[in-house]
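Contents: one structure, followed by commentary.
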Amino acid sequence: MSLLKLVNVSKFYHNKKNVSTGFNKVNLSLDQGEFVVITGESGSGKSTLLNVISGLDSYEEGELYINGEETSHYTEKDYEDYRRKYIGNIFQNFNLVNSYTVYQNIELVLLLNGEKKRDIRKKILEVIDLVKLTKFKNTKASKLSGGQKQRVAIARALVKNTPIIVADEPTGNIDIASANEITKLLYEISKNKLVVVVTHNYEQFAEYATRQIVMHDGRIMVDKKLKETEEVIDEPPKYKNIRFFNKLLIAFRNVFNIKIKFFLLVLVYFILTISVFSNYTSLSMSTYNNEMFKMSYIFSDYSEKRIIINKKDKSAFTDEDVEKISKIKNVREVVKDDILIDSNTYLENPEIKVWDSTRINDIGNVKKVKYGHLPKEGEDDYNVAILKTYGKASKTDAEKYLNNTFKLTNSNGEEIATELRIIGILENTDETSVDYTDTLYVSNDVLDRARTETNLFYSDIIVTLNDKVYSSEDYSLTFNLKSNNNVPYGQAFVSEDINLYYKDFNCLKKNINIKVKNNYYENGFDLYISDTFKKNTISKKLGYDKERYDEMAYTIFINPDNYKELFNQNTYQMSVYVKDERKIDTVTTELEKLDINVYKMMDMTSNIFGEILGFAVLFGKIRFVVSIIVLFFICYFIIKLILKSRNTYFSTIRTLGGNKKVLNDLLNIELLVDINIAYIIFTTILILIRHKIILKINYLYQLSTFFELKDYIIIYIVLIVMSVLIANRYSNKLFTNSVMSNYRENE
Ligand code: ADP
Ligand code: MG
């Protein structure tokens with residue numbers, strides 16, 4: 001039984017348009033111990049025949065028998081096995097791994113064959129010595145001459161120790177002196193093996209040939225036995241699978257051996273990492289911003305740092321309470337006029353063209369300013385204010401505001417201060433703030449007025465006239481209240497229209513009961529109607545233009561002190577701001593210990609609009625998945641380009657007997673190393689930015705404060721999965737082609 005037997009085997013190349021013949025109806029029997037030399041003019045089918053014999057290319061017709069076994073049903077896996085056990089290839093263009101050293105090129109075969117790295121050192125050095133390359137053992141293959149390269153290839157075939165050695169024009173690319181050496185080496189390693197050599201130069205091999213074959217136009221014309229050979233029958237060597245550790249070793253070697261490729265891959269993965277991070281962020285941020293956007297209808301400061309509190313027993317906060325709360329760890333600020341945080345006021349000065357929306361806070365909360373000064377002793381009795389800008393405060397801003405006076409009104413158009421002088425400017429230094437409104441820190445008088453006006457806005461006014469109750473709550477007539485200096489304490493001025501509500505059409509000198517009701521308190525008293533006004537007299541009696549009479553018809557004017565008694569009540573609801581929102585729970589626990597109800601802004605955001613948000617979140621998630629898929633393909637195509645040069649490497653591994661799984665694993669490990677490096681670089685940069693160790697990039701700083709460990713892990717998993725998919729897709733594509741067509745694609 002022959003080692004190899006071809007019966008009527010034909011090989012055709014199918015191109016896009018036509019079919020060409022590699023060789024046609026070849027019959028051949030080859031045995032171990034033979035040294036077969038094939039010659040023939042160029043294009044006669046020699047290489048094609050060798051490739052089919054070595055299982056590097058498929059055939060179309062006939063049958064190839066290996067040790068009597070048919071191969072027409074062979075799968076890629078069977079061919080892998082066959083190449084590994086039977087075939088040692090030597091190519092005209094060497095097919096070494098150029099970025100490996102001589103030693104590594106030879107070592108590669110043995111590692112692929114499952115040997116242990118430390119067991120093979122001696123053997124490799126011996127073989128290198130045999131091919132006279134000891135001086136070059138640590139030289140990269142790319143730096144060797146043609147003759148030297150072919151000697152490495154021979155050494156590689158020698159250590160592979162297969163029963164068949166196939167050499168396609170092994171001396172074609174080297175000078176004559178080296179060629180003779182190569183011929184001799186080839187002969188020496190081939191005792192008892194089947195050697196098939198294709199050559200242009202028969203003379204070089206004449207001395208060793210036991211059989212000569214001449215091909216012409218895809219057919220065998222001459223097949224001549226020159227020497228009798230003994231028949232040798234050897235079992236092919238048995239191989240183990242490559243060890244996991246050696247896979248790691250080779251993969252790591254591949255990561256770093258070509259610097260530019262390493263750099264490009266890490267760069268691509270770095271950009272991928274950034275893209276996934278920012279996609280993920282826009283997913284979470286869009287959810288977050290959506291919530292925030294809707295929250296802004298209700299709260300103008302919806303910062304996650306804010307907690308709204310009231311007491312469980314509904315009683316007012318005492319100074320002592322405020323003191324205690326201020327001292328809780330991680331509390332930055334306690335704002336007593338919680339209600340003022342969410343009501344806007346407007347700062348105007350037409351001459352210097354300022355119209356600015358602000359919120360109001362107590363000037364006592366300001367500890368330092370950037371421009372101007374803090375209120376001096378006694379100065380805070382007057383109408384002074386400090387402006388905190390929501391972003392950076394520039395010098396020009398400062399000049400615009402500083403020491404100028406402004407009119408301050410609330411959102412009802414009610415005037416809170418006529419001439420408010422800004423004496424200081426500071427800026428919001430909290431980069432994570434979602435607070436986009438300036439804050440005006442004002443002195444007590446202004447604060448008082450703002451508080452009463454705002455309380456009025458949030459309260460229900462219940463008026464009892466002639467024993468009848470009118471309240472906005474039951475949609476009966478709604479009265480408005482205004483304070484006016486012309487009204488004496490305990491009295492009220494109303495419009496003459498009110499006469500209609502009395503039987504005798506006269507309200508003058510009657511009592512009117514006024515009550516204010518809101519979430520926290522109910523408060524009221526009787527007032528004596530001492531005067532009425534009409535269109536002609538409103539100006540004289542109250543100082544309003546007569547054009548405004550109509551809007552004042554249901555307004556009850558009372559003395560400012562009465563007004564204060566009604567509205568400027570104790571503090572029932574406050575806001576606490578924390579320094580670090582991630583540690584907000586330590587604050588809330590302390591607050592709860594003080595019998596305080598806690599409403600965290602961040603919880604309200606997710607509760608109130610849960611359903612609407614559900615939809616937005618779903619949409620965001622779909623968008624996230626779509627962009628990840630797009631990123632995957634972009635990345636895949638770029639990596640494919642970068643790895644294009646590697647197809648040769650993979651083909652070489654395959655000729656050496658590496659199978660699909662090995663290649664897949666090598667590629668996976670290599671890309672995983674790259675992506676881990678990219679990920680580590682990126683997260684390190686983020687962390688350094690977060691802790692302000694390196695330069696501040698606002699966008700990245702926000703990213704960094706936004707992320708928790710959980711987010712880092714999710715993104716890491718997404719990246720790893722992407723990398724594995726890329727590697728698998730790449731190697732699957734690679735294995736739909738035969739080894740030779742892969743080589744050909746790269747020529
Ligand atoms: P040799 O090695 O004897 O020079 P080859 O085996 O390379 O010849 O080629 C044999 C025939 O097959 C030639 O006619 C050649 O044009 C054809 N051939 C070889 N490779 C391909 C290919 N990849 N696609 C199409 N035709 C090919
Ligand atoms: Mg050829």
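Scheme for the structure tokens: letters A, B, ... for chains in order shown; per-chain residue numbers from 1; ligand numbers from 1 in order shown.
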
Hey, which bits of chain A sit within 8 Å of ligand 1, and for each residue what's the closest pair of atoms and how far apart in Å (one decimal), counting only C-alpha atoms and all ligand atoms, rows by chain and increasing number, as a Markdown table?
| residue | atom | partner | partner_atom_place_in_ligand_line | distance |
| --- | --- | --- | --- | --- |
| A:Phe12 | CA | ligand 1 | 12 (O) | 7.5 |
| A:Tyr13 | CA | ligand 1 | 25 (C) | 4.7 |
| A:His14 | CA | ligand 1 | 25 (C) | 6.7 |
| A:Asn15 | CA | ligand 1 | 25 (C) | 6.3 |
| A:Val19 | CA | ligand 1 | 25 (C) | 7.6 |
| A:Ser20 | CA | ligand 1 | 26 (N) | 5.4 |
| A:Thr21 | CA | ligand 1 | 12 (O) | 5.3 |
| A:Gly22 | CA | ligand 1 | 12 (O) | 3.5 |
| A:Phe23 | CA | ligand 1 | 10 (C) | 6.4 |
| A:Thr39 | CA | ligand 1 | 3 (O) | 8.0 |
| A:Gly40 | CA | ligand 1 | 3 (O) | 6.3 |
| A:Glu41 | CA | ligand 1 | 3 (O) | 6.2 |
| A:Ser42 | CA | ligand 1 | 4 (O) | 3.7 |
| A:Gly43 | CA | ligand 1 | 8 (O) | 3.4 |
| A:Ser44 | CA | ligand 1 | 3 (O) | 3.9 |
| A:Gly45 | CA | ligand 1 | 6 (O) | 3.3 |
| A:Lys46 | CA | ligand 1 | 3 (O) | 3.7 |
| A:Ser47 | CA | ligand 1 | 2 (O) | 3.7 |
| A:Thr48 | CA | ligand 1 | 6 (O) | 3.7 |
| A:Leu49 | CA | ligand 1 | 6 (O) | 6.5 |
| A:Met215 | CA | ligand 1 | 3 (O) | 7.6 |
| A:Asp217 | CA | ligand 1 | 14 (O) | 7.4 |
| A:Gly218 | CA | ligand 1 | 10 (C) | 6.5 |
| A:Ser741 | CA | ligand 1 | 23 (N) | 7.0 |
| A:Arg744 | CA | ligand 1 | 23 (N) | 6.6 |

Save out the residues we just selected, N, CA and C atoms, as a CSV table (one decimal), in the first residue's frame.
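See part-v6.csv below for the written result:
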chain,number,residue,atom,x,y,z
A,12,PHE,N,-9.2,22.2,-10.7
A,12,PHE,CA,-9.5,23.4,-11.5
A,12,PHE,C,-9.6,24.6,-10.6
A,13,TYR,N,-9.2,25.7,-11.3
A,13,TYR,CA,-9.4,27.0,-10.6
A,13,TYR,C,-10.6,27.7,-11.1
A,14,HIS,N,-11.5,28.1,-10.3
A,14,HIS,CA,-12.7,28.8,-10.7
A,14,HIS,C,-12.6,30.2,-10.5
A,15,ASN,N,-12.4,30.9,-11.6
A,15,ASN,CA,-12.3,32.4,-11.4
A,15,ASN,C,-13.7,33.0,-11.7
A,19,VAL,N,-12.9,29.0,-16.0
A,19,VAL,CA,-12.3,27.9,-15.2
A,19,VAL,C,-11.0,27.6,-15.9
A,20,SER,N,-9.9,27.6,-15.1
A,20,SER,CA,-8.6,27.1,-15.6
A,20,SER,C,-8.1,25.9,-14.9
A,21,THR,N,-7.3,25.1,-15.6
A,21,THR,CA,-6.9,23.8,-15.1
A,21,THR,C,-5.6,23.9,-14.4
A,22,GLY,N,-5.5,23.5,-13.2
A,22,GLY,CA,-4.3,23.4,-12.5
A,22,GLY,C,-3.5,22.2,-12.9
A,23,PHE,N,-4.1,21.0,-12.8
A,23,PHE,CA,-3.6,19.8,-13.5
A,23,PHE,C,-4.8,18.9,-13.7
A,39,THR,N,9.9,18.3,-12.4
A,39,THR,CA,10.3,19.4,-13.2
A,39,THR,C,9.1,19.7,-14.3
A,40,GLY,N,9.3,20.7,-15.1
A,40,GLY,CA,8.3,21.1,-16.0
A,40,GLY,C,8.3,22.6,-16.2
A,41,GLU,N,7.8,23.0,-17.4
A,41,GLU,CA,7.9,24.5,-17.6
A,41,GLU,C,6.9,25.2,-16.7
A,42,SER,N,7.0,26.5,-16.6
A,42,SER,CA,6.2,27.3,-15.8
A,42,SER,C,4.7,27.1,-16.2
A,43,GLY,N,3.8,27.0,-15.2
A,43,GLY,CA,2.4,26.9,-15.5
A,43,GLY,C,2.0,25.5,-15.8
A,44,SER,N,2.9,24.5,-15.7
A,44,SER,CA,2.5,23.1,-16.0
A,44,SER,C,1.8,22.4,-14.9
A,45,GLY,N,1.6,23.0,-13.8
A,45,GLY,CA,0.8,22.4,-12.7
A,45,GLY,C,1.6,21.8,-11.5
A,46,LYS,N,2.9,22.1,-11.5
A,46,LYS,CA,3.7,21.5,-10.4
A,46,LYS,C,3.3,22.0,-9.0
A,47,SER,N,3.2,23.3,-8.9
A,47,SER,CA,2.8,23.8,-7.5
A,47,SER,C,1.4,23.3,-7.1
A,48,THR,N,0.5,23.4,-8.1
A,48,THR,CA,-0.8,22.9,-7.8
A,48,THR,C,-0.8,21.5,-7.3
A,49,LEU,N,0.0,20.6,-7.9
A,49,LEU,CA,0.0,19.2,-7.5
A,49,LEU,C,0.6,19.2,-6.1
A,215,MET,N,6.3,17.3,-15.8
A,215,MET,CA,4.9,17.7,-16.1
A,215,MET,C,4.8,18.6,-17.3
A,217,ASP,N,1.6,21.0,-19.2
A,217,ASP,CA,0.3,21.3,-19.5
A,217,ASP,C,-0.7,20.6,-18.6
A,218,GLY,N,-0.4,20.5,-17.3
A,218,GLY,CA,-1.3,19.9,-16.3
A,218,GLY,C,-1.3,18.3,-16.3
A,741,SER,N,-5.8,29.6,-0.8
A,741,SER,CA,-6.5,30.8,-1.3
A,741,SER,C,-6.2,32.0,-0.3
A,744,ARG,N,-2.9,33.2,-1.4
A,744,ARG,CA,-3.1,33.9,-2.7
A,744,ARG,C,-3.7,35.3,-2.5

All residues 12 Å or closer to segment 459-465 of chain A, only C-alpha atoms, same chain fewer than 3 positions away omitted, as a PyMOL selection string:
chain A and resi 339+451-456+468-482+494+498-503+506-508+510-529+554-556+566-568

Dump of C-alpha atoms for the selected residues, as a PDB file, in the first residue's frame:
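Dumped everything to selection38.pdb:
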ATOM      1  CA  ILE A 339     -39.540  77.743  49.101  1.00  0.00           C
ATOM      2  CA  ARG A 451     -40.526  85.119  51.688  1.00  0.00           C
ATOM      3  CA  THR A 452     -43.935  86.705  52.279  1.00  0.00           C
ATOM      4  CA  GLU A 453     -44.563  87.179  48.587  1.00  0.00           C
ATOM      5  CA  THR A 454     -43.638  83.620  47.851  1.00  0.00           C
ATOM      6  CA  ASN A 455     -45.678  82.277  50.716  1.00  0.00           C
ATOM      7  CA  LEU A 456     -48.633  84.202  49.384  1.00  0.00           C
ATOM      8  CA  LYS A 468     -69.914  84.021  53.744  1.00  0.00           C
ATOM      9  CA  VAL A 469     -66.615  82.181  53.097  1.00  0.00           C
ATOM     10  CA  TYR A 470     -64.701  82.730  49.841  1.00  0.00           C
ATOM     11  CA  SER A 471     -61.737  80.561  49.006  1.00  0.00           C
ATOM     12  CA  SER A 472     -59.728  79.689  45.909  1.00  0.00           C
ATOM     13  CA  GLU A 473     -59.848  76.116  47.145  1.00  0.00           C
ATOM     14  CA  ASP A 474     -63.596  75.734  46.482  1.00  0.00           C
ATOM     15  CA  TYR A 475     -63.442  77.825  43.318  1.00  0.00           C
ATOM     16  CA  SER A 476     -65.570  80.599  44.745  1.00  0.00           C
ATOM     17  CA  LEU A 477     -64.342  84.156  44.482  1.00  0.00           C
ATOM     18  CA  THR A 478     -60.592  84.493  44.886  1.00  0.00           C
ATOM     19  CA  PHE A 479     -59.311  87.449  46.792  1.00  0.00           C
ATOM     20  CA  ASN A 480     -55.807  88.779  46.640  1.00  0.00           C
ATOM     21  CA  LEU A 481     -53.881  90.396  49.461  1.00  0.00           C
ATOM     22  CA  LYS A 482     -51.387  93.235  49.294  1.00  0.00           C
ATOM     23  CA  VAL A 494     -61.073  97.370  49.911  1.00  0.00           C
ATOM     24  CA  ILE A 498     -67.021  94.814  47.653  1.00  0.00           C
ATOM     25  CA  ASN A 499     -70.122  96.729  48.738  1.00  0.00           C
ATOM     26  CA  LEU A 500     -72.123  94.377  46.527  1.00  0.00           C
ATOM     27  CA  TYR A 501     -71.453  91.488  48.898  1.00  0.00           C
ATOM     28  CA  TYR A 502     -73.320  93.126  51.745  1.00  0.00           C
ATOM     29  CA  LYS A 503     -77.063  93.319  52.203  1.00  0.00           C
ATOM     30  CA  ASN A 506     -71.988  98.944  52.298  1.00  0.00           C
ATOM     31  CA  CYS A 507     -68.851  97.279  53.548  1.00  0.00           C
ATOM     32  CA  LEU A 508     -67.345 100.239  55.262  1.00  0.00           C
ATOM     33  CA  LYS A 510     -67.566  96.164  58.861  1.00  0.00           C
ATOM     34  CA  ASN A 511     -65.184  93.410  59.892  1.00  0.00           C
ATOM     35  CA  ILE A 512     -63.549  91.130  57.388  1.00  0.00           C
ATOM     36  CA  ASN A 513     -61.873  87.849  58.310  1.00  0.00           C
ATOM     37  CA  ILE A 514     -58.724  86.878  56.478  1.00  0.00           C
ATOM     38  CA  LYS A 515     -57.145  83.451  56.763  1.00  0.00           C
ATOM     39  CA  VAL A 516     -54.077  81.981  55.118  1.00  0.00           C
ATOM     40  CA  LYS A 517     -53.773  78.250  54.680  1.00  0.00           C
ATOM     41  CA  ASN A 518     -50.942  76.185  53.268  1.00  0.00           C
ATOM     42  CA  ASN A 519     -49.273  72.846  53.826  1.00  0.00           C
ATOM     43  CA  TYR A 520     -47.881  73.862  57.153  1.00  0.00           C
ATOM     44  CA  TYR A 521     -50.065  76.354  58.889  1.00  0.00           C
ATOM     45  CA  GLU A 522     -53.381  78.112  59.009  1.00  0.00           C
ATOM     46  CA  ASN A 523     -53.340  81.616  60.315  1.00  0.00           C
ATOM     47  CA  GLY A 524     -55.688  84.584  60.296  1.00  0.00           C
ATOM     48  CA  PHE A 525     -57.459  87.472  61.969  1.00  0.00           C
ATOM     49  CA  ASP A 526     -60.310  89.964  61.704  1.00  0.00           C
ATOM     50  CA  LEU A 527     -59.631  93.368  60.205  1.00  0.00           C
ATOM     51  CA  TYR A 528     -61.741  96.459  60.310  1.00  0.00           C
ATOM     52  CA  ILE A 529     -62.599  97.923  56.896  1.00  0.00           C
ATOM     53  CA  TYR A 554     -60.647  92.021  44.527  1.00  0.00           C
ATOM     54  CA  THR A 555     -57.485  92.961  46.339  1.00  0.00           C
ATOM     55  CA  ILE A 556     -57.574  93.599  50.049  1.00  0.00           C
ATOM     56  CA  LEU A 566     -49.843  86.291  58.013  1.00  0.00           C
ATOM     57  CA  PHE A 567     -47.019  85.103  55.824  1.00  0.00           C
ATOM     58  CA  ASN A 568     -43.690  85.524  57.439  1.00  0.00           C
TER      59      ASN A 568
END

Taking the DSSP assignment computed from this structure's backbone, write out as a PyMOL selection string all residues of segment 333-575 of chain A that belong to strand (DSSP E).
chain A and resi 333-335+345-349+354-362+371-372+384-389+405-410+415-427+438-442+460-465+468-471+480-483+491-495+511-517+522-533+555-558+573-575

Could you check how far atom CA of His216 of chain A sits from atom CA of Met1 of chain A, in Å to one decimal?
27.5 Å

Leaving out segment 634-650 of chain A and any residue of its chain fewer than 3 positions from it, which residues lie within 8 Å of it when counting only C-alpha atoms, given as an mmCIF file with N, CA, C and O atoms, in the first residue's frame?
data_model
loop_
_atom_site.group_PDB
_atom_site.id
_atom_site.type_symbol
_atom_site.label_atom_id
_atom_site.label_comp_id
_atom_site.auth_asym_id
_atom_site.auth_seq_id
_atom_site.Cartn_x
_atom_site.Cartn_y
_atom_site.Cartn_z
ATOM 1 N N ASN A 95 7.843 31.446 3.753
ATOM 2 C CA ASN A 95 6.729 31.496 4.706
ATOM 3 C C ASN A 95 7.149 31.336 6.164
ATOM 4 O O ASN A 95 6.579 30.545 6.914
ATOM 5 N N VAL A 97 7.638 33.289 9.932
ATOM 6 C CA VAL A 97 7.012 34.424 10.609
ATOM 7 C C VAL A 97 8.095 35.488 10.753
ATOM 8 O O VAL A 97 9.029 35.347 11.540
ATOM 9 N N LYS A 261 1.626 47.600 14.729
ATOM 10 C CA LYS A 261 0.332 46.908 14.766
ATOM 11 C C LYS A 261 -0.241 46.963 16.181
ATOM 12 O O LYS A 261 -1.430 47.223 16.384
ATOM 13 N N LEU A 264 -1.587 50.397 16.762
ATOM 14 C CA LEU A 264 -2.846 50.652 16.048
ATOM 15 C C LEU A 264 -4.020 49.933 16.705
ATOM 16 O O LEU A 264 -5.097 50.506 16.877
ATOM 17 N N LEU A 265 -3.795 48.668 17.074
ATOM 18 C CA LEU A 265 -4.893 47.915 17.695
ATOM 19 C C LEU A 265 -5.326 48.556 19.013
ATOM 20 O O LEU A 265 -6.516 48.712 19.278
ATOM 21 N N VAL A 268 -7.264 51.668 18.217
ATOM 22 C CA VAL A 268 -8.642 51.383 17.788
ATOM 23 C C VAL A 268 -9.488 51.013 19.002
ATOM 24 O O VAL A 268 -10.603 51.504 19.183
ATOM 25 N N TYR A 269 -8.954 50.159 19.829
ATOM 26 C CA TYR A 269 -9.703 49.728 21.010
ATOM 27 C C TYR A 269 -9.885 50.875 22.003
ATOM 28 O O TYR A 269 -10.890 50.936 22.705
ATOM 29 N N LEU A 272 -12.634 52.771 20.641
ATOM 30 C CA LEU A 272 -13.851 51.991 20.901
ATOM 31 C C LEU A 272 -14.295 52.163 22.358
ATOM 32 O O LEU A 272 -15.466 52.370 22.645
ATOM 33 N N VAL A 630 -23.283 49.205 15.458
ATOM 34 C CA VAL A 630 -22.558 49.984 14.450
ATOM 35 C C VAL A 630 -21.067 50.041 14.806
ATOM 36 O O VAL A 630 -20.201 49.788 13.969
ATOM 37 N N LEU A 631 -20.801 50.326 16.069
ATOM 38 C CA LEU A 631 -19.407 50.382 16.519
ATOM 39 C C LEU A 631 -18.697 49.059 16.266
ATOM 40 O O LEU A 631 -17.542 49.020 15.864
ATOM 41 N N ILE A 653 0.696 29.303 10.260
ATOM 42 C CA ILE A 653 0.341 28.460 11.398
ATOM 43 C C ILE A 653 -0.447 27.245 10.924
ATOM 44 O O ILE A 653 -0.252 26.125 11.389
ATOM 45 N N ARG A 654 -1.303 27.465 9.940
ATOM 46 C CA ARG A 654 -2.107 26.348 9.459
ATOM 47 C C ARG A 654 -1.248 25.326 8.727
ATOM 48 O O ARG A 654 -1.450 24.122 8.869
ATOM 49 N N LEU A 663 -6.033 28.868 16.285
ATOM 50 C CA LEU A 663 -5.952 30.213 15.716
ATOM 51 C C LEU A 663 -6.955 31.153 16.356
ATOM 52 O O LEU A 663 -6.654 32.303 16.669
ATOM 53 N N ILE A 726 -15.491 40.004 17.596
ATOM 54 C CA ILE A 726 -14.630 40.433 16.488
ATOM 55 C C ILE A 726 -13.641 39.318 16.140
ATOM 56 O O ILE A 726 -13.480 38.939 14.984
ATOM 57 N N TYR A 730 -13.623 37.161 12.686
ATOM 58 C CA TYR A 730 -12.429 37.197 11.846
ATOM 59 C C TYR A 730 -11.934 35.796 11.528
ATOM 60 O O TYR A 730 -11.677 35.457 10.387
ATOM 61 N N LEU A 734 -11.782 33.556 7.979
ATOM 62 C CA LEU A 734 -10.503 33.027 7.532
ATOM 63 C C LEU A 734 -10.638 31.556 7.148
ATOM 64 O O LEU A 734 -10.037 31.081 6.189
ATOM 65 N N ASN A 742 -6.003 31.673 0.931
ATOM 66 C CA ASN A 742 -5.631 32.761 1.842
ATOM 67 C C ASN A 742 -4.289 33.353 1.477
ATOM 68 O O ASN A 742 -4.106 34.556 1.451
ATOM 69 N N TYR A 743 -3.337 32.464 1.202
ATOM 70 C CA TYR A 743 -2.023 32.959 0.789
ATOM 71 C C TYR A 743 -2.163 33.807 -0.461
ATOM 72 O O TYR A 743 -1.625 34.888 -0.571
ATOM 73 N N ASN A 746 -3.241 37.326 -0.353
ATOM 74 C CA ASN A 746 -2.306 38.313 0.190
ATOM 75 C C ASN A 746 -1.157 38.638 -0.729
ATOM 76 O O ASN A 746 -0.240 39.332 -0.354
#

Contacts of Asn93 of chain A within 8 Å, only C-alpha atoms, excl. fewer than 2 positions in-chain, as a JSON list (two decimals) with C-alpha atoms, in the first residue's frame:
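Output below, filename selection_30.json:
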[["chain", "number", "residue", "atom", "x", "y", "z"],
["A", 91, "PHE", "CA", 8.21, 27.05, 0.15],
["A", 95, "ASN", "CA", 6.73, 31.50, 4.71],
["A", 170, "PRO", "CA", 13.18, 25.58, -2.38],
["A", 173, "ASN", "CA", 14.94, 32.54, -4.45]]

Any idea what's packed within 12 Å of Phe256 of chain A, counting only C-alpha atoms, ignoring anything in its chain fewer than 5 positions away? Could you give it as a list in words?
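Within the cut-off, the hits are Ser99, Tyr100, Leu249, Ile250, Ala251, Lys261, Phe262, Phe263, Leu264, Leu265, Val266, Glu670, Leu671, Val673, Asp674 and Ile677 of chain A.
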
At a cut-off of 8 Å, using only C-alpha atoms, what residues contact segment 128-130 of chain A? Leave out same-chain residues fewer than 5 positions from it and give the result as a list in words.
Tyr103, Lys137, Val152 and Ala155 of chain A

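Across A:Met722, A:Val214, A:Ile423, A:Val354, the tightest approach to Lys400 of chain A is made by A:Val354 when counting only C-alpha atoms.
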
Need to verify the contact set: segment 197-200 of chain A, 6 Å, only C-alpha atoms, exclusion of same-chain residues closer than 4 positions in sequence. Can you return it as a PDB file with N, CA and C atoms, in the first residue's frame?
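File produced: result.pdb:
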ATOM      1  N   VAL A  37      11.681  14.149  -7.722  1.00  0.00           N
ATOM      2  CA  VAL A  37      11.967  15.486  -8.232  1.00  0.00           C
ATOM      3  C   VAL A  37      11.048  15.752  -9.418  1.00  0.00           C
ATOM      4  N   ILE A  38      10.247  16.831  -9.298  1.00  0.00           N
ATOM      5  CA  ILE A  38       9.315  17.169 -10.374  1.00  0.00           C
ATOM      6  C   ILE A  38       9.820  18.391 -11.120  1.00  0.00           C
ATOM      7  N   THR A  39       9.880  18.277 -12.437  1.00  0.00           N
ATOM      8  CA  THR A  39      10.250  19.432 -13.248  1.00  0.00           C
ATOM      9  C   THR A  39       9.140  19.680 -14.263  1.00  0.00           C
ATOM     10  N   ALA A 167       8.598  20.259  -1.027  1.00  0.00           N
ATOM     11  CA  ALA A 167       9.363  21.496  -1.216  1.00  0.00           C
ATOM     12  C   ALA A 167       9.100  22.042  -2.609  1.00  0.00           C
ATOM     13  N   ASP A 168       8.564  23.260  -2.657  1.00  0.00           N
ATOM     14  CA  ASP A 168       8.242  23.876  -3.940  1.00  0.00           C
ATOM     15  C   ASP A 168       9.312  24.897  -4.299  1.00  0.00           C
ATOM     16  N   GLU A 169      10.140  24.552  -5.253  1.00  0.00           N
ATOM     17  CA  GLU A 169      11.267  25.390  -5.672  1.00  0.00           C
ATOM     18  C   GLU A 169      12.012  25.962  -4.469  1.00  0.00           C
TER      19      GLU A 169
END

How many Å lie between atom CA of Val52 of chain A and atom CA of Arg211 of chain A, rounded to one decimal?
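Distance reported for this atom pair: 19.4 Å.
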